[in-house]
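What follows is a set of notes on a single structure, which appears directly below.
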Amino acid sequence: MKRAPSFTNAVFRVFDVAVGQLLWSRRTLFMMLAAIAPIVIALIFRLTDAVGVSTLRVNGQQVSGPVMFGGMIWLLYLRFIVPVLGTFYGTALIADEVEDRTITYLFTRPIPRGAIVIGKYLAYLVCTVLVVLPSVMVVYLVMTPVGGGSLGQTFPMLLTDLGILALGSAVYGAVFAFIGARVPRPLVAGLVLVFGWEQVALLVPGYLRRFTVAYYLQSLVPHTMPQDDVMSAIQSLFAEPPPTYSSILWLLAILVVALWLAARTVETREYVLEQ
Amino acid sequence: MTAGERTESDHVPVVATDHLSKWYGQIIGLNDVSLTIGRGVTGLLGPNGAGKSTLLKLITGQLKPSKGSLTVLGQPVWGNPAIYLEMGVCPEQDAFYDRMTGLEWLMALLRLHGYDERAARDTAFQALEEVDLKDAAGKRIGAYSKGMRQRVKLAQAIAHEPEFLVLDEPLSGMDPLARRKTIRLLRNWAANGRNIIVSSHVLHEVEALTSNILLMHNGRVLAEGNVHQIRDLIDEHPHTVCMRAKDPRRLARELVTNADVLSVRFEGDTVFVQTAKPDVFYARLTEMAANGSSGEIFEVTSPDDNLQAVFEYLVQS
């Protein structure tokens with residue numbers, strides 16, 4: 001007698017197919033570029049330091065490697081690379097299949113549609129983490145020794161950074177998976193959310209910032225920013241960050257709710273393919 | 001079980017609809033259709049825009065009914081993925097994961113049916129062999145010809161040996177030999193007690209598979225019954241056939257000597273022929289393709305002009 005795979009089994013089988021597709025998609029090139037760009041910046045920073053050319057200074061003091069690395073984690077990885085990768089991949093999980101009209105082959109299998117969403121989401125997460133985290137480690141190794149930074153002393157901080165980046169990728173991916181399943185032009189909506197809503201809401205005093213992913217991620221970042229006017233201004237925006245445990249709980253809640261909504265949307269929505 | 005015995009499931013209609021309607025916003029795709037499709041092969045015939053694809057998408061659970069009810073093999077379809085254990089779907093669209101090979105694609109889909117790696121490989125090979133694609137199993141689908149893509153699409157529909165096959169324009173774009181083989185495959189499939197619904201806008205294609213048809217027009221079922229009843233009407237209208245060939249002029253020279261060919265014209269490497277006797281024409285074309293007398297023929301399609309004319313006649317009368 002024929003038997004359909006269980007939900008968990010179906011998730012892993014979809015994951016299996018989706019990983020291969022993601023790795024060979026055109027978007028992977030973009031992902032690689034996003035991961036290589038910080039390494040190039042780090043190499044330039046290290047090279048200028050090695051040849052004695054003046055690098056970034058704050059109040060006349062040279063910014064050390066670990067501080068620069070912390071700045072890159074927050075400003076480059078968490079505020080740009082992770083959300084942008086989340087937008088590009090998360091919104092494409094279902095939307096690409098619909099646009100390419102291949103969704104029929106997945107929807108006519110004896111597996112719940114929710115398993116398709118979660119399997120593809122896990123594939124996105126694994127691919128993103130496998131590209132972003134090694135990039136962070138290379139940047140860390142290149143930058144930390146600048147200005148006398150110690151790899152041994154800052155290593156626990158690196159582990160925290162890697163955890164935050166993985167969590168950030170997971171949360172942004174889930175949010176954009178839902179947007180991709182629900183909204184007609186999900187990429188545009190995703191970019192508006194990242195570069196519009198999240199930027200504006202963080203600047204507005206009050207409770208609006210609590211409706212952004214970046215607010216909770218920021219409170220987890222262990223690095224101290226250097227004190228000059230610009231950096232202080234950025235830091236002051238987050239003068240009252242929520243406690244770490246609260247941020248982690250909120251991020252996990254956003255992840256679970258967004259992923260559930262994405263799965264529920266795909267389960268109940270009909271996708272009319274263009275002829 | 002002997003041929004005379006019947007199981008309980010034999011009495012369950014393959015498809016049953018009750019006042020089934022589907023709207024796309026203000027546009028009506030299917031309008032108040034109540035029908036029962038029994039066992040065996042059923043042809044769904046109608047011009048483009050008749051509602052065939054909408055009905056098939058409802059039957060295959062890709063669309064949700066706006067109104068009315070629908071069951072397949074006695075079960076509801078929308079939100080019931082278990083139905084796909086017994087249903088194979090060959091959609092109309094020419095869409096694939098082009099970077100995958102035919103074998104990889106079939107294996108991936110079979111694994112979603114619960115097959116383990118080894119069983120998926122063996123079953124995928126078997127299905128590819130059935131559609132005559134075993135030699136191309138390791139080739140990327142993106143490099144397949146139109147006819148090969150149609151066949152690999154059919155392979156994924158039959159691979160898990162469903163009880164019920166839904167085929168949306170399955171012969172479109174195939175060369176004459178592949179058409180003949182595919183028709184034979186589907187006949188054998190049905191002969192083993194399985195059920196097929198096949199849509200087409202070409203009477204000849206449907207007729208080669210079954211005499212049991214549903215005629216659709218403007219989102220409604222116009223008639224159900226035997227294909228021979230509309231046969232005469234169809235024959236009154238010239239039938240257009242388009243053929244993409246390596247040497248179109250040579251093909252045209254071969255064809256034009258026959259009395260049933262009314263006219264011939266060219267567009268690039270495509271020959272358009274109007275024939276008064278499609279049966280005779282298609283039979284001869286298959287023979288010509290088999291013996292190579294007219295050079296290589298890549299693709300055969302048929303616009304639905306003649307069928308549209310018949311439907312207009314039927315609607316008016």
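Just so we're on the same page: first chain in the structure tokens is A, next is B, and so on; residues restart at 1 for each chain, and ligands are numbered from 1 in the order they show up.
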
Query raised in the report: Near chain A, which residues of chain B fall within 10 Å when you count only C-alpha atoms, and what do they look like as a VMD selection string?
Result: chain B and resid 24 53 to 54 57 60 to 64 78 to 97 99 to 100 104 to 105 107 to 115 153 156 to 157 160 162

Query raised in the report: Between atom CA of B:Leu165 and atom CA of B:Ala127, what is the spacing in Å?
Result: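 Taking atom CA of B:Ala127 as the start and atom CA of B:Leu165 as the end point, the length is 14.1 Å.
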
Query - Neighbour list for B:Val271 as a list in words, cut-off 7 Å, only C-alpha atoms, skip fewer than 3 positions in-chain - result: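 Once the adjacent positions are removed, what remains is Cys242, Met243, Arg244, Pro248, Ala252, Val264, Arg265, Phe266 and Glu267 of chain B.
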
Those same residues - N, CA and C atoms - I'd like them written as a compact mmCIF listing (two decimals), in the first residue's frame.
```
# COMPACT_ATOMS: atom_id res chain seq x y z
N CYS B 242 0.68 22.33 -38.23
CA CYS B 242 1.96 23.04 -38.37
C CYS B 242 3.08 22.04 -38.09
N MET B 243 4.08 22.04 -38.94
CA MET B 243 5.20 21.12 -38.75
C MET B 243 6.51 21.89 -38.84
N ARG B 244 7.34 21.75 -37.81
CA ARG B 244 8.67 22.36 -37.85
C ARG B 244 9.63 21.27 -38.31
N PRO B 248 11.90 22.11 -44.63
CA PRO B 248 10.46 22.30 -44.79
C PRO B 248 9.97 22.18 -46.24
N ALA B 252 7.16 19.74 -47.68
CA ALA B 252 5.99 20.26 -48.39
C ALA B 252 5.82 19.56 -49.75
N VAL B 264 -0.71 24.76 -48.71
CA VAL B 264 0.57 24.70 -47.99
C VAL B 264 1.15 26.10 -47.95
N ARG B 265 1.64 26.52 -46.77
CA ARG B 265 2.38 27.79 -46.72
C ARG B 265 3.54 27.65 -45.72
N PHE B 266 4.50 28.60 -45.80
CA PHE B 266 5.71 28.51 -44.97
C PHE B 266 5.83 29.72 -44.05
N GLU B 267 6.42 29.48 -42.89
CA GLU B 267 6.86 30.57 -42.00
C GLU B 267 8.16 30.12 -41.39
```

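Residues of stretch 200-251 of chain B that DSSP, applied to the backbone, places in helix (DSSP H, G or I): Leu203, His204, Glu205, Val206, Glu207, Ala208, Leu209, His228, Gln229, Ile230, Arg231, Asp232, Leu233, Ile234, Asp235, Pro248, Arg249, Arg250 and Leu251 of chain B.
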
Query raised in the report: Among stretch 72-226 of chain B, which residues carry a DSSP assignment of strand (DSSP E or B), reported as a PyMOL selection string?
Result: chain B and resi 72+75-76+87-90+101+140+164-168+195-200+212-217+220-226

Query - Option closest in space to A:Met68, from A:Phe178, A:Tyr89, A:Phe45, A:Tyr215 [counting only C-alpha atoms] - result: A:Phe45

Query raised in the report: Got a sec: who's within 12 Å of B:Asn192, counting only C-alpha atoms, leaving out chain neighbours fewer than 5 positions off, as a VMD selection string?
Result: chain B and resid 3 39 to 41 161 to 164 185 to 187

Store the residues picked out above in a file with N, CA and C atoms, as a PDB file, in the first residue's frame.
```
ATOM      1  N   ALA B   3     -12.176 -10.864 -14.391  1.00  0.00           N
ATOM      2  CA  ALA B   3     -12.643  -9.675 -15.110  1.00  0.00           C
ATOM      3  C   ALA B   3     -14.081  -9.326 -14.750  1.00  0.00           C
ATOM      4  N   ARG B  39     -14.970   5.411 -15.165  1.00  0.00           N
ATOM      5  CA  ARG B  39     -13.663   4.756 -15.341  1.00  0.00           C
ATOM      6  C   ARG B  39     -13.232   4.772 -16.812  1.00  0.00           C
ATOM      7  N   GLY B  40     -11.945   4.603 -17.043  1.00  0.00           N
ATOM      8  CA  GLY B  40     -11.422   4.528 -18.407  1.00  0.00           C
ATOM      9  C   GLY B  40     -10.803   5.847 -18.843  1.00  0.00           C
ATOM     10  N   VAL B  41     -10.745   6.038 -20.143  1.00  0.00           N
ATOM     11  CA  VAL B  41     -10.128   7.243 -20.698  1.00  0.00           C
ATOM     12  C   VAL B  41     -11.216   8.212 -21.134  1.00  0.00           C
ATOM     13  N   GLU B 161       3.032   5.275 -10.572  1.00  0.00           N
ATOM     14  CA  GLU B 161       1.947   4.356 -10.928  1.00  0.00           C
ATOM     15  C   GLU B 161       0.622   4.738 -10.277  1.00  0.00           C
ATOM     16  N   PRO B 162       0.135   5.930 -10.611  1.00  0.00           N
ATOM     17  CA  PRO B 162      -1.140   6.354 -10.023  1.00  0.00           C
ATOM     18  C   PRO B 162      -2.317   5.619 -10.661  1.00  0.00           C
ATOM     19  N   GLU B 163      -3.444   5.651  -9.989  1.00  0.00           N
ATOM     20  CA  GLU B 163      -4.650   5.018 -10.526  1.00  0.00           C
ATOM     21  C   GLU B 163      -5.309   5.935 -11.562  1.00  0.00           C
ATOM     22  N   PHE B 164      -4.991   7.243 -11.445  1.00  0.00           N
ATOM     23  CA  PHE B 164      -5.688   8.237 -12.256  1.00  0.00           C
ATOM     24  C   PHE B 164      -4.668   9.252 -12.797  1.00  0.00           C
ATOM     25  N   LEU B 185       1.527   4.118 -25.382  1.00  0.00           N
ATOM     26  CA  LEU B 185       1.800   4.008 -23.943  1.00  0.00           C
ATOM     27  C   LEU B 185       0.536   4.287 -23.125  1.00  0.00           C
ATOM     28  N   LEU B 186      -0.177   5.344 -23.500  1.00  0.00           N
ATOM     29  CA  LEU B 186      -1.369   5.721 -22.735  1.00  0.00           C
ATOM     30  C   LEU B 186      -2.484   4.689 -22.906  1.00  0.00           C
ATOM     31  N   ARG B 187      -2.584   4.121 -24.104  1.00  0.00           N
ATOM     32  CA  ARG B 187      -3.589   3.073 -24.328  1.00  0.00           C
ATOM     33  C   ARG B 187      -3.286   1.863 -23.449  1.00  0.00           C
TER      34      ARG B 187
END
```

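Between B:Ser263 and the candidates B:Pro76, B:Pro238, B:Gly51, B:Pro278, the tightest atom-to-atom separation, counting only C-alpha atoms, involves B:Pro238.
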
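The list of residues with at least one atom within 9 Å of A:Ala214, based on only C-alpha atoms and without residues fewer than 2 positions apart in the same chain, reads Leu78, Arg79, Gly168, Glu198, Gln199, Leu202, Arg209, Arg210, Phe211, Thr212, Tyr216, Leu217, Gln218 and Ser219 of chain A.
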
Report task. Work out how far apart atom CA of B:Thr36 and atom CA of B:Ala159 are and give it in Å to one decimal. Result ->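 Value for the atom CA of B:Thr36-atom CA of B:Ala159 distance: 26.6 Å.
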
Requested in this report: Quick one: everything within 8 Å of B:Leu20, counting only C-alpha atoms, minus sequence neighbours fewer than 2 positions away in the same chain. Send it as number ranges by chain.
Outcome: B: 17-18, 22, 30-34, 65-70

Report task. Please identify all polymer residues within 10 Å of B:His204, counting only C-alpha atoms, omitting same-chain residues fewer than 4 positions from it, and present them as a ChimeraX atom specification. Result -> /B:200,208-209,231,234,239,278-279,282,302

Report summary line: Across B:Pro176, B:Pro170, B:Gly219, B:Gly74, the smallest distance to B:Ile27, with only C-alpha atoms counted, is shown by B:Gly219

**Report entry** Å distance separating atom CA of B:Gln150 from atom CA of B:Gly173, one decimal place
**Finding:**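 Taking atom CA of B:Gln150 as the start and atom CA of B:Gly173 as the end point, the length is 7.5 Å.
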
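Closest approach to A:Leu187 among A:Gly119, A:Thr87, A:Gly206, A:Val139 is made by A:Thr87 (distances from only C-alpha atoms).
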